[in-house]
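Q: If it helps, the file is called final.cif and holds mmCIF, C-alpha atoms:
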data_protein
#
loop_
_atom_site.label_atom_id
_atom_site.label_comp_id
_atom_site.auth_asym_id
_atom_site.auth_seq_id
_atom_site.Cartn_x
_atom_site.Cartn_y
_atom_site.Cartn_z
CA MET A 1 158.92 197.05 122.44
CA LYS A 2 156.47 199.80 123.35
CA PRO A 3 153.48 197.41 123.73
CA ILE A 4 155.46 195.54 126.39
CA TYR A 5 155.88 198.73 128.39
CA ILE A 6 152.14 199.36 128.17
CA ALA A 7 151.31 195.87 129.44
CA LEU A 8 153.69 196.14 132.37
CA ALA A 9 152.41 199.59 133.21
CA LEU A 10 148.96 198.05 133.60
CA VAL A 11 150.45 195.47 135.96
CA SER A 12 152.24 198.12 137.99
CA VAL A 13 149.04 199.99 138.85
CA SER A 14 147.34 196.87 140.20
CA LEU A 15 148.68 197.37 143.71
CA PRO A 16 145.68 197.70 146.09
CA THR A 17 145.64 200.68 148.39
CA TYR A 18 146.27 199.64 151.99
CA ALA A 19 146.08 202.92 153.87
CA GLN A 20 142.63 204.40 153.81
CA ASP A 21 141.77 208.07 153.85
CA ALA A 22 143.27 209.51 157.02
CA SER A 23 140.57 212.18 157.03
CA ASN A 24 137.90 209.58 157.81
CA LYS A 25 137.12 211.56 160.95
CA ASP A 26 135.00 210.24 163.83
CA TRP A 27 134.62 206.85 162.14
CA GLY A 28 134.49 205.01 165.46
CA GLN A 29 132.10 207.45 167.10
CA ASN A 30 129.79 207.33 164.10
CA LEU A 31 129.88 203.53 164.17
CA LEU A 32 128.96 203.56 167.86
CA SER A 33 126.04 205.91 167.25
CA PHE A 34 124.86 203.75 164.37
CA THR A 35 124.93 200.51 166.36
CA ARG A 36 122.84 202.04 169.17
CA GLU A 37 119.87 202.07 166.81
CA LEU A 38 120.24 198.45 165.75
CA PRO A 39 117.81 195.81 167.14
CA GLN A 40 120.59 193.70 168.63
CA VAL A 41 121.97 196.54 170.75
CA GLN A 42 118.49 197.69 171.69
CA SER A 43 117.73 194.17 172.89
CA PHE A 44 120.76 194.43 175.21
CA ASN A 45 119.33 197.68 176.57
CA GLU A 46 115.88 196.20 177.09
CA ARG A 47 117.29 193.29 179.07
CA LEU A 48 119.13 195.77 181.27
CA SER A 49 115.94 197.77 181.79
CA ALA A 50 114.14 194.59 182.79
CA ALA A 51 116.83 193.94 185.41
CA TYR A 52 116.20 197.38 186.91
CA TYR A 53 112.49 196.57 187.19
CA ASP A 54 113.40 193.29 188.85
CA ARG A 55 115.44 195.24 191.37
CA THR A 56 112.37 197.33 192.16
CA VAL A 57 110.35 194.16 192.67
CA GLN A 58 112.92 192.77 195.11
CA SER A 59 112.89 196.04 197.07
CA ALA A 60 109.12 196.11 197.49
CA VAL A 61 107.26 195.27 200.71
CA LEU A 62 107.22 191.52 201.07
CA TYR A 63 103.67 191.01 202.36
CA ASN A 64 100.42 192.76 201.50
CA PRO A 65 97.67 193.13 204.12
CA THR A 66 94.65 190.83 203.89
CA VAL A 67 91.01 191.87 204.41
CA SER A 68 88.32 189.35 205.36
CA LEU A 69 84.52 189.70 205.54
CA GLY A 70 82.00 187.21 206.83
CA VAL A 71 78.15 187.52 206.99
CA ALA A 72 75.62 184.97 208.24
CA ASN A 73 71.78 185.33 208.48
CA ASP A 74 70.29 183.36 211.35
CA GLU A 75 67.79 184.72 213.86
CA THR A 76 70.02 187.76 213.83
CA THR A 77 72.50 188.99 211.29
CA ASN A 78 76.04 188.09 212.26
CA PHE A 79 79.01 189.61 210.50
CA GLN A 80 82.73 189.97 210.93
CA ILE A 81 85.27 192.13 209.19
CA GLY A 82 88.96 191.80 209.76
CA ILE A 83 92.34 192.83 208.51
CA SER A 84 95.60 190.93 208.91
CA GLN A 85 99.22 191.59 208.13
CA THR A 86 102.21 189.26 207.99
CA LEU A 87 105.15 190.93 209.71
CA ASP A 88 108.65 190.70 208.26
CA LEU A 89 110.35 190.26 211.62
CA SER A 90 113.18 188.16 210.15
CA GLY A 91 114.39 190.91 207.80
CA LYS A 92 113.62 189.12 204.54
CA ARG A 93 112.94 192.36 202.69
CA GLN A 94 116.40 193.66 203.49
CA VAL A 95 118.20 190.62 202.11
CA ARG A 96 115.93 190.62 199.06
CA ARG A 97 116.83 194.27 198.46
CA LYS A 98 120.51 193.30 198.49
CA PHE A 99 119.72 190.44 196.16
CA GLY A 100 117.95 192.77 193.72
CA ALA A 101 120.80 195.28 193.78
CA ALA A 102 123.33 192.51 193.10
CA GLN A 103 121.21 191.22 190.22
CA ALA A 104 121.07 194.72 188.71
CA ARG A 105 124.85 195.12 188.92
CA LEU A 106 125.27 191.69 187.35
CA ALA A 107 122.93 192.74 184.53
CA GLU A 108 125.00 195.89 183.95
CA TYR A 109 128.22 193.94 183.50
CA SER A 110 126.48 191.26 181.44
CA HIS A 111 125.20 194.08 179.23
CA GLU A 112 128.73 195.44 178.91
CA VAL A 113 130.14 191.99 178.06
CA ALA A 114 127.47 191.45 175.38
CA LEU A 115 127.99 194.92 173.88
CA GLU A 116 131.78 194.59 173.85
CA SER A 117 131.53 191.20 172.15
CA TYR A 118 129.10 192.52 169.55
CA LEU A 119 131.24 195.57 168.76
CA ALA A 120 134.32 193.36 168.48
CA ASP A 121 132.45 191.10 166.03
CA VAL A 122 131.55 194.20 164.00
CA LEU A 123 135.19 195.33 163.86
CA ILE A 124 136.33 191.84 162.88
CA GLY A 125 133.66 191.74 160.18
CA LEU A 126 134.74 195.11 158.78
CA SER A 127 138.40 194.09 158.80
CA GLU A 128 137.70 190.74 157.11
CA TYR A 129 135.52 192.46 154.52
CA ASP A 130 138.26 195.00 153.76
CA ALA A 131 140.92 192.30 153.43
CA ALA A 132 138.68 190.14 151.24
CA LYS A 133 137.97 193.07 148.92
CA GLN A 134 141.67 193.88 148.62
CA GLN A 135 142.53 190.26 147.83
CA LEU A 136 139.77 190.17 145.21
CA VAL A 137 141.00 193.38 143.57
CA LEU A 138 144.53 191.99 143.53
CA ALA A 139 143.42 188.70 141.95
CA GLU A 140 141.25 190.40 139.32
CA LYS A 141 143.90 192.92 138.30
CA HIS A 142 146.55 190.24 138.22
CA ALA A 143 144.40 188.22 135.83
CA SER A 144 143.66 191.34 133.79
CA SER A 145 147.38 192.05 133.45
CA LEU A 146 148.02 188.48 132.37
CA ARG A 147 145.30 188.76 129.72
CA THR A 148 146.95 191.89 128.36
CA LEU A 149 150.32 190.16 128.43
CA SER A 150 148.80 187.16 126.63
CA ASP A 151 147.52 189.39 123.81
CA LEU A 152 150.89 191.04 123.40
CA THR A 153 152.65 187.68 123.48
CA LYS A 154 150.50 186.48 120.60
CA LYS A 155 151.53 189.51 118.57
CA ARG A 156 155.19 188.88 119.34
CA LEU A 157 154.77 185.24 118.35
CA GLU A 158 153.46 186.41 115.00
CA ASN A 159 156.48 188.69 114.67
CA GLY A 160 158.81 185.89 115.68
CA ASP A 161 160.10 187.69 118.77
CA LEU A 162 159.07 184.84 121.08
CA GLY A 163 158.83 181.09 120.82
CA LYS A 164 155.75 178.91 121.19
CA ALA A 165 156.84 177.88 124.69
CA ASP A 166 156.51 181.49 125.82
CA GLY A 167 152.91 181.58 124.62
CA VAL A 168 152.13 178.33 126.43
CA LEU A 169 153.62 179.64 129.68
CA VAL A 170 151.57 182.82 129.54
CA THR A 171 148.39 180.83 128.80
CA LEU A 172 149.05 178.50 131.71
CA ALA A 173 149.71 181.43 134.04
CA LEU A 174 146.48 183.09 132.94
CA SER A 175 144.41 179.91 133.42
CA SER A 176 145.75 179.49 136.95
CA ALA A 177 144.61 182.99 137.87
CA TYR A 178 140.88 182.25 137.56
CA PRO A 179 140.56 179.86 140.53
CA ALA A 180 142.11 182.57 142.70
CA ILE A 181 139.48 185.02 141.50
CA ALA A 182 136.68 182.54 142.23
CA GLU A 183 138.04 181.81 145.70
CA ASN A 184 138.48 185.46 146.60
CA ARG A 185 135.10 186.46 145.19
CA THR A 186 133.41 183.72 147.24
CA ASN A 187 135.24 184.87 150.35
CA SER A 188 134.23 188.46 149.63
CA ILE A 189 130.57 187.49 149.29
CA GLU A 190 130.68 185.52 152.54
CA THR A 191 132.32 188.32 154.52
CA GLU A 192 129.79 190.78 153.13
CA ALA A 193 126.92 188.53 154.24
CA ARG A 194 128.36 188.25 157.76
CA LEU A 195 128.83 191.99 157.95
CA LYS A 196 125.30 192.62 156.71
CA ALA A 197 123.99 190.30 159.44
CA LEU A 198 125.77 192.43 162.04
CA LEU A 199 125.09 195.94 160.70
CA GLY A 200 122.17 195.58 158.33
CA SER A 201 121.97 196.81 154.75
CA ASP A 202 123.66 200.14 155.59
CA PHE A 203 126.97 198.44 156.46
CA ALA A 204 128.71 200.09 153.49
CA LYS A 205 128.85 203.39 155.39
CA PHE A 206 131.67 202.01 157.52
CA THR A 207 133.64 199.78 155.14
CA ARG A 208 136.21 202.48 154.39
CA LEU A 209 138.45 201.81 157.35
CA PRO A 210 140.46 204.66 158.90
CA ASP A 211 144.18 205.24 158.63
CA ARG A 212 146.39 202.36 159.73
CA GLU A 213 147.77 204.41 162.63
CA ILE A 214 144.62 203.96 164.71
CA TRP A 215 145.23 200.21 164.68
CA ARG A 216 148.28 200.91 166.83
CA ASP A 217 146.17 202.41 169.62
CA SER A 218 145.97 199.59 172.16
CA GLY A 219 144.42 201.62 174.99
CA ALA A 220 145.46 200.75 178.54
CA ILE A 221 148.05 197.96 178.67
CA ASP A 222 148.72 197.51 182.40
CA THR A 223 147.38 193.98 182.68
CA ASP A 224 147.75 193.85 186.48
CA SER A 225 145.42 196.79 187.01
CA LEU A 226 143.15 195.86 184.11
CA VAL A 227 142.35 192.31 185.18
CA LEU A 228 139.92 193.22 187.98
CA GLU A 229 138.15 195.80 185.79
CA VAL A 230 137.61 193.57 182.77
CA PRO A 231 133.82 193.21 182.25
CA LYS A 232 133.97 189.40 182.21
CA VAL A 233 135.78 189.38 185.55
CA ARG A 234 133.40 191.96 187.01
CA GLU A 235 130.49 189.90 185.72
CA ALA A 236 131.83 186.80 187.48
CA TYR A 237 132.32 188.81 190.69
CA GLU A 238 128.76 190.15 190.61
CA ARG A 239 127.46 186.64 189.93
CA LEU A 240 129.22 185.64 193.13
CA GLN A 241 127.50 188.49 194.98
CA VAL A 242 124.13 187.34 193.63
CA ALA A 243 124.85 183.81 194.84
CA LYS A 244 125.78 185.11 198.29
CA ALA A 245 122.62 187.20 198.45
CA SER A 246 120.61 184.17 197.38
CA THR A 247 122.15 182.26 200.29
CA GLY A 248 120.95 185.01 202.62
CA ILE A 249 117.42 184.67 201.27
CA ALA A 250 117.48 180.90 201.73
CA ARG A 251 118.66 181.37 205.32
CA LYS A 252 115.90 183.88 206.06
CA ASN A 253 113.28 181.62 204.51
CA ARG A 254 113.91 179.12 207.30
CA LYS A 255 112.49 181.65 209.74
CA ALA A 256 108.68 181.87 209.87
CA ASP A 257 107.02 185.28 209.98
CA PRO A 258 103.92 185.78 212.18
CA THR A 259 100.62 187.12 210.93
CA VAL A 260 98.66 189.50 213.17
CA GLY A 261 95.00 190.30 212.54
CA VAL A 262 92.19 192.42 214.03
CA VAL A 263 88.53 191.35 213.77
CA ALA A 264 85.41 193.40 214.51
CA GLY A 265 81.69 192.73 214.02
CA ARG A 266 78.49 191.52 215.70
CA GLU A 267 77.55 188.05 216.87
CA GLN A 268 74.19 187.18 218.43
CA GLY A 269 73.46 190.87 218.66
CA ALA A 270 76.58 191.63 220.66
CA ALA A 271 79.57 193.60 219.49
CA LEU A 272 82.65 191.56 218.71
CA VAL A 273 86.26 192.69 218.73
CA GLY A 274 89.17 190.32 218.57
CA VAL A 275 92.83 189.88 217.78
CA ASN A 276 94.39 186.77 216.23
CA VAL A 277 97.98 185.76 215.71
CA SER A 278 99.21 182.90 213.54
CA LEU A 279 102.69 181.52 213.01
CA PRO A 280 103.65 178.86 210.44
CA LEU A 281 105.45 175.84 211.87
CA ASN A 282 108.27 174.89 209.54
CA ILE A 283 108.26 171.24 210.51
CA SER A 284 107.48 169.24 207.41
CA LYS A 285 109.23 171.80 205.22
CA SER A 286 112.18 173.32 207.04
CA PHE A 287 113.93 174.85 203.98
CA LYS A 288 117.22 173.43 205.24
CA ALA A 289 117.99 171.73 201.94
CA SER A 290 117.31 175.00 200.10
CA GLU A 291 119.86 176.77 202.26
CA GLN A 292 122.42 174.02 201.70
CA ALA A 293 121.87 174.18 197.93
CA ALA A 294 122.30 177.97 198.00
CA ASN A 295 125.56 177.56 199.92
CA LYS A 296 126.86 175.14 197.31
CA ARG A 297 125.90 177.49 194.48
CA SER A 298 127.69 180.32 196.27
CA LEU A 299 130.82 178.20 196.63
CA ALA A 300 130.66 177.24 192.95
CA ALA A 301 130.31 180.91 191.98
CA GLU A 302 133.35 181.83 194.09
CA LEU A 303 135.46 179.11 192.49
CA ASN A 304 134.26 180.17 189.06
CA TYR A 305 135.22 183.78 189.82
CA ARG A 306 138.73 182.72 190.86
CA GLN A 307 139.12 180.61 187.73
CA ILE A 308 137.95 183.41 185.43
CA GLU A 309 140.28 185.92 187.10
CA GLN A 310 143.22 183.55 186.73
CA ALA A 311 142.39 182.75 183.11
CA MET A 312 141.89 186.42 182.30
CA ARG A 313 145.40 187.29 183.48
CA ALA A 314 146.79 184.76 181.02
CA GLU A 315 144.49 185.92 178.21
CA LEU A 316 145.40 189.56 178.71
CA GLU A 317 149.11 188.81 178.58
CA GLY A 318 148.72 186.50 175.58
CA THR A 319 146.53 188.77 173.47
CA LEU A 320 148.68 191.82 174.20
CA LEU A 321 151.81 189.91 173.20
CA ALA A 322 150.10 188.66 170.03
CA TRP A 323 149.12 192.22 169.06
CA ARG A 324 152.65 193.49 169.62
CA GLU A 325 154.13 190.62 167.62
CA SER A 326 151.75 191.06 164.67
CA THR A 327 152.43 194.81 164.68
CA ASN A 328 156.16 194.15 164.68
CA GLN A 329 155.84 191.73 161.75
CA LEU A 330 153.80 194.25 159.77
CA ASP A 331 156.43 196.91 160.46
CA LEU A 332 159.15 194.54 159.27
CA TYR A 333 157.18 193.81 156.11
CA ASN A 334 156.78 197.52 155.37
CA LYS A 335 160.43 198.18 156.18
CA PHE A 336 161.86 195.42 154.00
CA THR A 337 159.49 195.76 151.06
CA GLY A 338 159.47 199.57 151.02
CA SER A 339 158.51 200.61 147.51
CA ALA A 340 159.37 197.19 146.06
CA PRO A 341 155.76 196.26 145.23
CA THR A 342 155.66 199.20 142.81
CA ASP A 343 159.27 199.85 141.81
CA GLY A 344 160.08 196.16 141.53
CA LEU A 345 157.77 195.83 138.56
CA GLU A 346 159.56 198.62 136.76
CA ILE A 347 162.86 196.77 137.22
CA LEU A 348 161.31 193.52 135.97
CA LYS A 349 159.82 195.35 133.02
CA ASN A 350 163.17 196.77 131.96
CA ARG A 351 164.96 193.43 132.30
CA TRP A 352 162.34 191.61 130.24
CA SER A 353 162.26 194.30 127.56
CA LEU A 354 166.05 194.12 127.26
CA GLY A 355 166.00 190.35 127.03
CA ASP A 356 167.81 189.85 130.34
CA MET A 357 164.84 187.87 131.67
CA SER A 358 162.95 185.10 129.97
CA THR A 359 159.16 184.89 129.91
CA ALA A 360 159.27 182.04 132.42
CA GLU A 361 161.44 184.07 134.78
CA PHE A 362 159.23 187.10 134.36
CA LEU A 363 156.05 185.14 135.11
CA LEU A 364 157.67 183.61 138.17
CA ALA A 365 158.77 187.03 139.40
CA LEU A 366 155.32 188.41 138.68
CA ASP A 367 153.79 185.65 140.79
CA ARG A 368 156.23 186.42 143.63
CA TRP A 369 155.15 190.05 143.38
CA ARG A 370 151.49 189.07 143.69
CA GLU A 371 152.29 186.84 146.69
CA SER A 372 154.14 189.72 148.34
CA ILE A 373 151.15 192.01 147.97
CA ALA A 374 148.83 189.29 149.27
CA ALA A 375 151.14 188.74 152.23
CA GLY A 376 150.93 192.44 153.07
CA ILE A 377 147.13 192.28 153.03
CA LYS A 378 147.16 189.21 155.29
CA LEU A 379 149.62 190.81 157.71
CA GLN A 380 147.51 193.94 157.93
CA ALA A 381 144.36 191.88 158.56
CA LEU A 382 146.17 189.80 161.19
CA GLN A 383 147.43 192.91 162.97
CA ARG A 384 143.92 194.35 163.07
CA LEU A 385 142.46 191.07 164.30
CA SER A 386 145.03 190.81 167.09
CA LEU A 387 144.25 194.36 168.22
CA ILE A 388 140.50 193.68 168.21
CA THR A 389 141.07 190.48 170.18
CA TRP A 390 143.11 192.41 172.75
CA LEU A 391 140.44 195.11 173.01
CA ARG A 392 137.69 192.48 173.41
CA THR A 393 139.67 190.61 176.06
CA SER A 394 140.47 193.77 178.04
CA GLY A 395 136.97 195.22 177.60
CA GLN A 396 138.09 198.34 175.77
CA VAL A 397 136.31 198.05 172.41
CA LYS A 398 133.70 200.72 173.15
CA ASP A 399 136.27 203.13 174.60
CA TRP A 400 138.56 202.55 171.59
CA LEU A 401 135.77 203.34 169.15
CA SER A 402 134.78 206.47 171.05
CA ARG A 403 138.35 207.82 170.60
CA HIS A 404 138.33 207.47 166.81
#
Mind converting the file's structure to structure tokens?
A:
Amino acid sequence: MKPIYIALALVSVSLPTYAQDASNKDWGQNLLSFTRELPQVQSFNERLSAAYYDRTVQSAVLYNPTVSLGVANDETTNFQIGISQTLDLSGKRQVRRKFGAAQARLAEYSHEVALESYLADVLIGLSEYDAAKQQLVLAEKHASSLRTLSDLTKKRLENGDLGKADGVLVTLALSSAYPAIAENRTNSIETEARLKALLGSDFAKFTRLPDREIWRDSGAIDTDSLVLEVPKVREAYERLQVAKASTGIARKNRKADPTVGVVAGREQGAALVGVNVSLPLNISKSFKASEQAANKRSLAAELNYRQIEQAMRAELEGTLLAWRESTNQLDLYNKFTGSAPTDGLEILKNRWSLGDMSTAEFLLALDRWRESIAAGIKLQALQRLSLITWLRTSGQVKDWLSRH
């Protein structure tokens, strides 16, 4: 019976390791530092820098002075030189400055939303990759154990210890293990490709996820105080401020600004000095429709802000509840299974070796064992995903990473 013990010992060590090295210090901070150098994050930064330049443009003087020069040769040389300046008497520069500041604030929150979403995608990619690798290891070792069991079954058939039906059952169990390997290997390749698209070829530096305890750190959970600080809500609010500032610009554009000029020169041999004033008459083009359109856009932005705030309250409550529920289910799994994934195989081994369990019963129990391990991997992945979703929704992904 000793060969049987050896085969089952091989099965018993096939349990994948869930908890990663708890000494994986500063994993989140290192991941943050790494992503800052990636083209995608740098593109976020460049767009924000462009918004700051746009703010400078909006704050600049609205009108430049104009210089004119005229020369004519007749019996005497006549010439004129003048300078003119359009005066911003309606205060257009001031409202444009407000518009530029609102645009810059909007760009800041849009930058934060984009960065939070990207970092959340990275965490999801790492979690999916880790789960896929664990499932693949489980499937491969399960098949390897079945191969070993198949070899030992053949020897026992030769010795007459088992019947032909036992050999057929083991062969069928082994053949059914290969599709699982193919499926898990395909999934592993796909998750690796997605992760490589997010982090580049150096993604492997961060695939060893930290201890499971950090996945219980939810950050701030007061949804009532969080809702107005969530980047998506702040982004919608600043978009409303931009729309309001745009309405102010449209209103100011209906007011014409005068242009004042001074001219000096000589005409017919006599000195010439003059002043001219011009004022556009907004008759054919009154800009009234532009102001009305801006008002409608402002109203739409306000309604959109209200809708996003309302929806965010529901999302915050839902994602927080989902994280708590998935964490509770994982705790229940760990509590009820305990050391069963490892010790259970020893019990099965003893029963089979003593003849208290048939080959069919053993294979069925072995399959239940594999399903239990797979369920643990899925629960762990689900718990991580629910936490990441909560952090993304509440805008705390970057802060969470900086703490770990």
Q: Name every residue that the PyMOL selection byres ((chain A and resi 269-273) around 10) selects in this structure, writing the answer as a list of chain:residue names with chains first and numbers rising.
A: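 So the PyMOL selection byres ((chain A and resi 269-273) around 10) ends up selecting A:Glu75, A:Thr76, A:Thr77, A:Asn78, A:Phe79, A:Gln80, A:Ile81, A:Gly82, A:Val262, A:Val263, A:Ala264, A:Gly265, A:Arg266, A:Glu267, A:Gln268, A:Gly274, A:Val275.
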Q: Keeping only C-alpha atoms, write the selected residues to a file as a CSV table (one decimal), in the coordinates of the input.
A:
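Final file, selection23.csv:
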chain,number,residue,atom,x,y,z
A,75,GLU,CA,67.8,184.7,213.9
A,76,THR,CA,70.0,187.8,213.8
A,77,THR,CA,72.5,189.0,211.3
A,78,ASN,CA,76.0,188.1,212.3
A,79,PHE,CA,79.0,189.6,210.5
A,80,GLN,CA,82.7,190.0,210.9
A,81,ILE,CA,85.3,192.1,209.2
A,82,GLY,CA,89.0,191.8,209.8
A,262,VAL,CA,92.2,192.4,214.0
A,263,VAL,CA,88.5,191.4,213.8
A,264,ALA,CA,85.4,193.4,214.5
A,265,GLY,CA,81.7,192.7,214.0
A,266,ARG,CA,78.5,191.5,215.7
A,267,GLU,CA,77.6,188.0,216.9
A,268,GLN,CA,74.2,187.2,218.4
A,274,GLY,CA,89.2,190.3,218.6
A,275,VAL,CA,92.8,189.9,217.8
Q: Using only C-alpha atoms for the distances, tell me which of A:Arg194, A:Arg216, A:Lys232, A:His404 is nearest to Asp121 in chain A.
A: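 Closest candidate: A:Arg194.
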Q: What's around Thr247 in chain A at 9 Å? Count only C-alpha atoms, leave out sequence neighbours fewer than 3 positions away in its own chain, and write the answer as an mmCIF file with C-alpha atoms, keeping the file's coordinate frame.
A:
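Saved as around.cif:
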data_model
loop_
_atom_site.group_PDB
_atom_site.id
_atom_site.type_symbol
_atom_site.label_atom_id
_atom_site.label_comp_id
_atom_site.auth_asym_id
_atom_site.auth_seq_id
_atom_site.Cartn_x
_atom_site.Cartn_y
_atom_site.Cartn_z
ATOM 1 C CA VAL A 242 124.130 187.340 193.630
ATOM 2 C CA ALA A 243 124.850 183.810 194.840
ATOM 3 C CA LYS A 244 125.780 185.110 198.290
ATOM 4 C CA ALA A 250 117.480 180.900 201.730
ATOM 5 C CA ARG A 251 118.660 181.370 205.320
ATOM 6 C CA LYS A 252 115.900 183.880 206.060
ATOM 7 C CA SER A 290 117.310 175.000 200.100
ATOM 8 C CA GLU A 291 119.860 176.770 202.260
ATOM 9 C CA GLN A 292 122.420 174.020 201.700
ATOM 10 C CA ALA A 293 121.870 174.180 197.930
ATOM 11 C CA ALA A 294 122.300 177.970 198.000
ATOM 12 C CA ASN A 295 125.560 177.560 199.920
ATOM 13 C CA ARG A 297 125.900 177.490 194.480
ATOM 14 C CA SER A 298 127.690 180.320 196.270
#
Q: Which distance in Å separates CA of Ala256 in chain A and CA of Val277 in chain A, to one decimal?
A: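 So the two atoms, CA of Ala256 in chain A and CA of Val277 in chain A, lie 12.8 Å apart.
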Q: For Ala182 in chain A, which residue out of A:Asp217, A:Lys196, A:Glu112, A:Gln135 is the nearest one, using only C-alpha atoms?
A: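 Ranked by minimum distance to Ala182 in chain A, first place goes to A:Gln135.
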Q: Find the distance between CA of Ala107 in chain A and CA of Lys296 in chain A and write it in Å to one decimal.
A: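 For CA of Ala107 in chain A relative to CA of Lys296 in chain A, the distance reads 22.1 Å.
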Q: Report the distance between CA of Glu128 in chain A and CA of Ala220 in chain A in Å, rounded to one decimal place.
A: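 Computing the Euclidean distance for CA of Glu128 in chain A and CA of Ala220 in chain A yields 24.9 Å.
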Q: Restricting the calculation to all atoms listed in the file, which member of A:Asn304, A:Gln241, A:Ser284, A:Thr319 is positioned closest to Ser386 in chain A?
A: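 Closest to Ser386 in chain A of all the choices is A:Thr319.
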Q: Around (123.3, 201.9, 164.6) in the file's own coordinates, what residues are found within 10 Å if you use all atoms listed in the file, given back as a list in words?
A: Asn30, Leu31, Leu32, Ser33, Phe34, Thr35, Arg36, Glu37, Leu38, Pro39, Gln40, Val41, Gln42, Leu199, Gly200, Asp202 and Phe203 of chain A
Q: List as a VMD selection string the protein and nucleic acid residues near Gln396 in chain A, meaning an atom at most 8 Å away when only C-alpha atoms are counted, but skip any in the same chain fewer than 5 places from it.
A: chain A and resid 116 219 391
Q: Can you work out which one of A:Asp26, A:Asp257, A:Glu213, A:Asp222 has the shortest atom-to-atom distance to Asp331 in chain A, counting all atoms listed in the file?
A: A:Glu213
Q: Please write the residues picked by the PyMOL selection byres ((chain A and resi 221) around 10) on this file as a list of chain:residue names.
A: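 Evaluating the PyMOL selection byres ((chain A and resi 221) around 10) on these coordinates yields A:Ser218, A:Gly219, A:Ala220, A:Asp222, A:Thr223, A:Asp224, A:Ser225, A:Leu226, A:Leu316, A:Glu317, A:Leu320, A:Trp390, A:Leu391, A:Ser394.
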Q: Go through A:Ala177, A:Gly395, A:Leu69, A:Ile83 and flag the residue nearest Ser145 in chain A, using all atoms listed in the file for the distances.
A: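 Smallest separation from Ser145 in chain A among the options: A:Ala177.
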Q: Counting only C-alpha atoms, which residue out of A:His111, A:Arg384, A:Lys398, A:Lys255 sits closest to Lys285 in chain A?
A: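 Closest residue, counting only C-alpha atoms: A:Lys255.
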Q: Taking the file as shown, find all residues satisfying the PyMOL selection byres ((chain A and resi 66) around 10) and write them as a list in words.
A: Tyr63, Asn64, Pro65, Val67, Ser68, Gly82, Ile83, Ser84, Gln85, Thr86, Thr259 and Gly261 of chain A
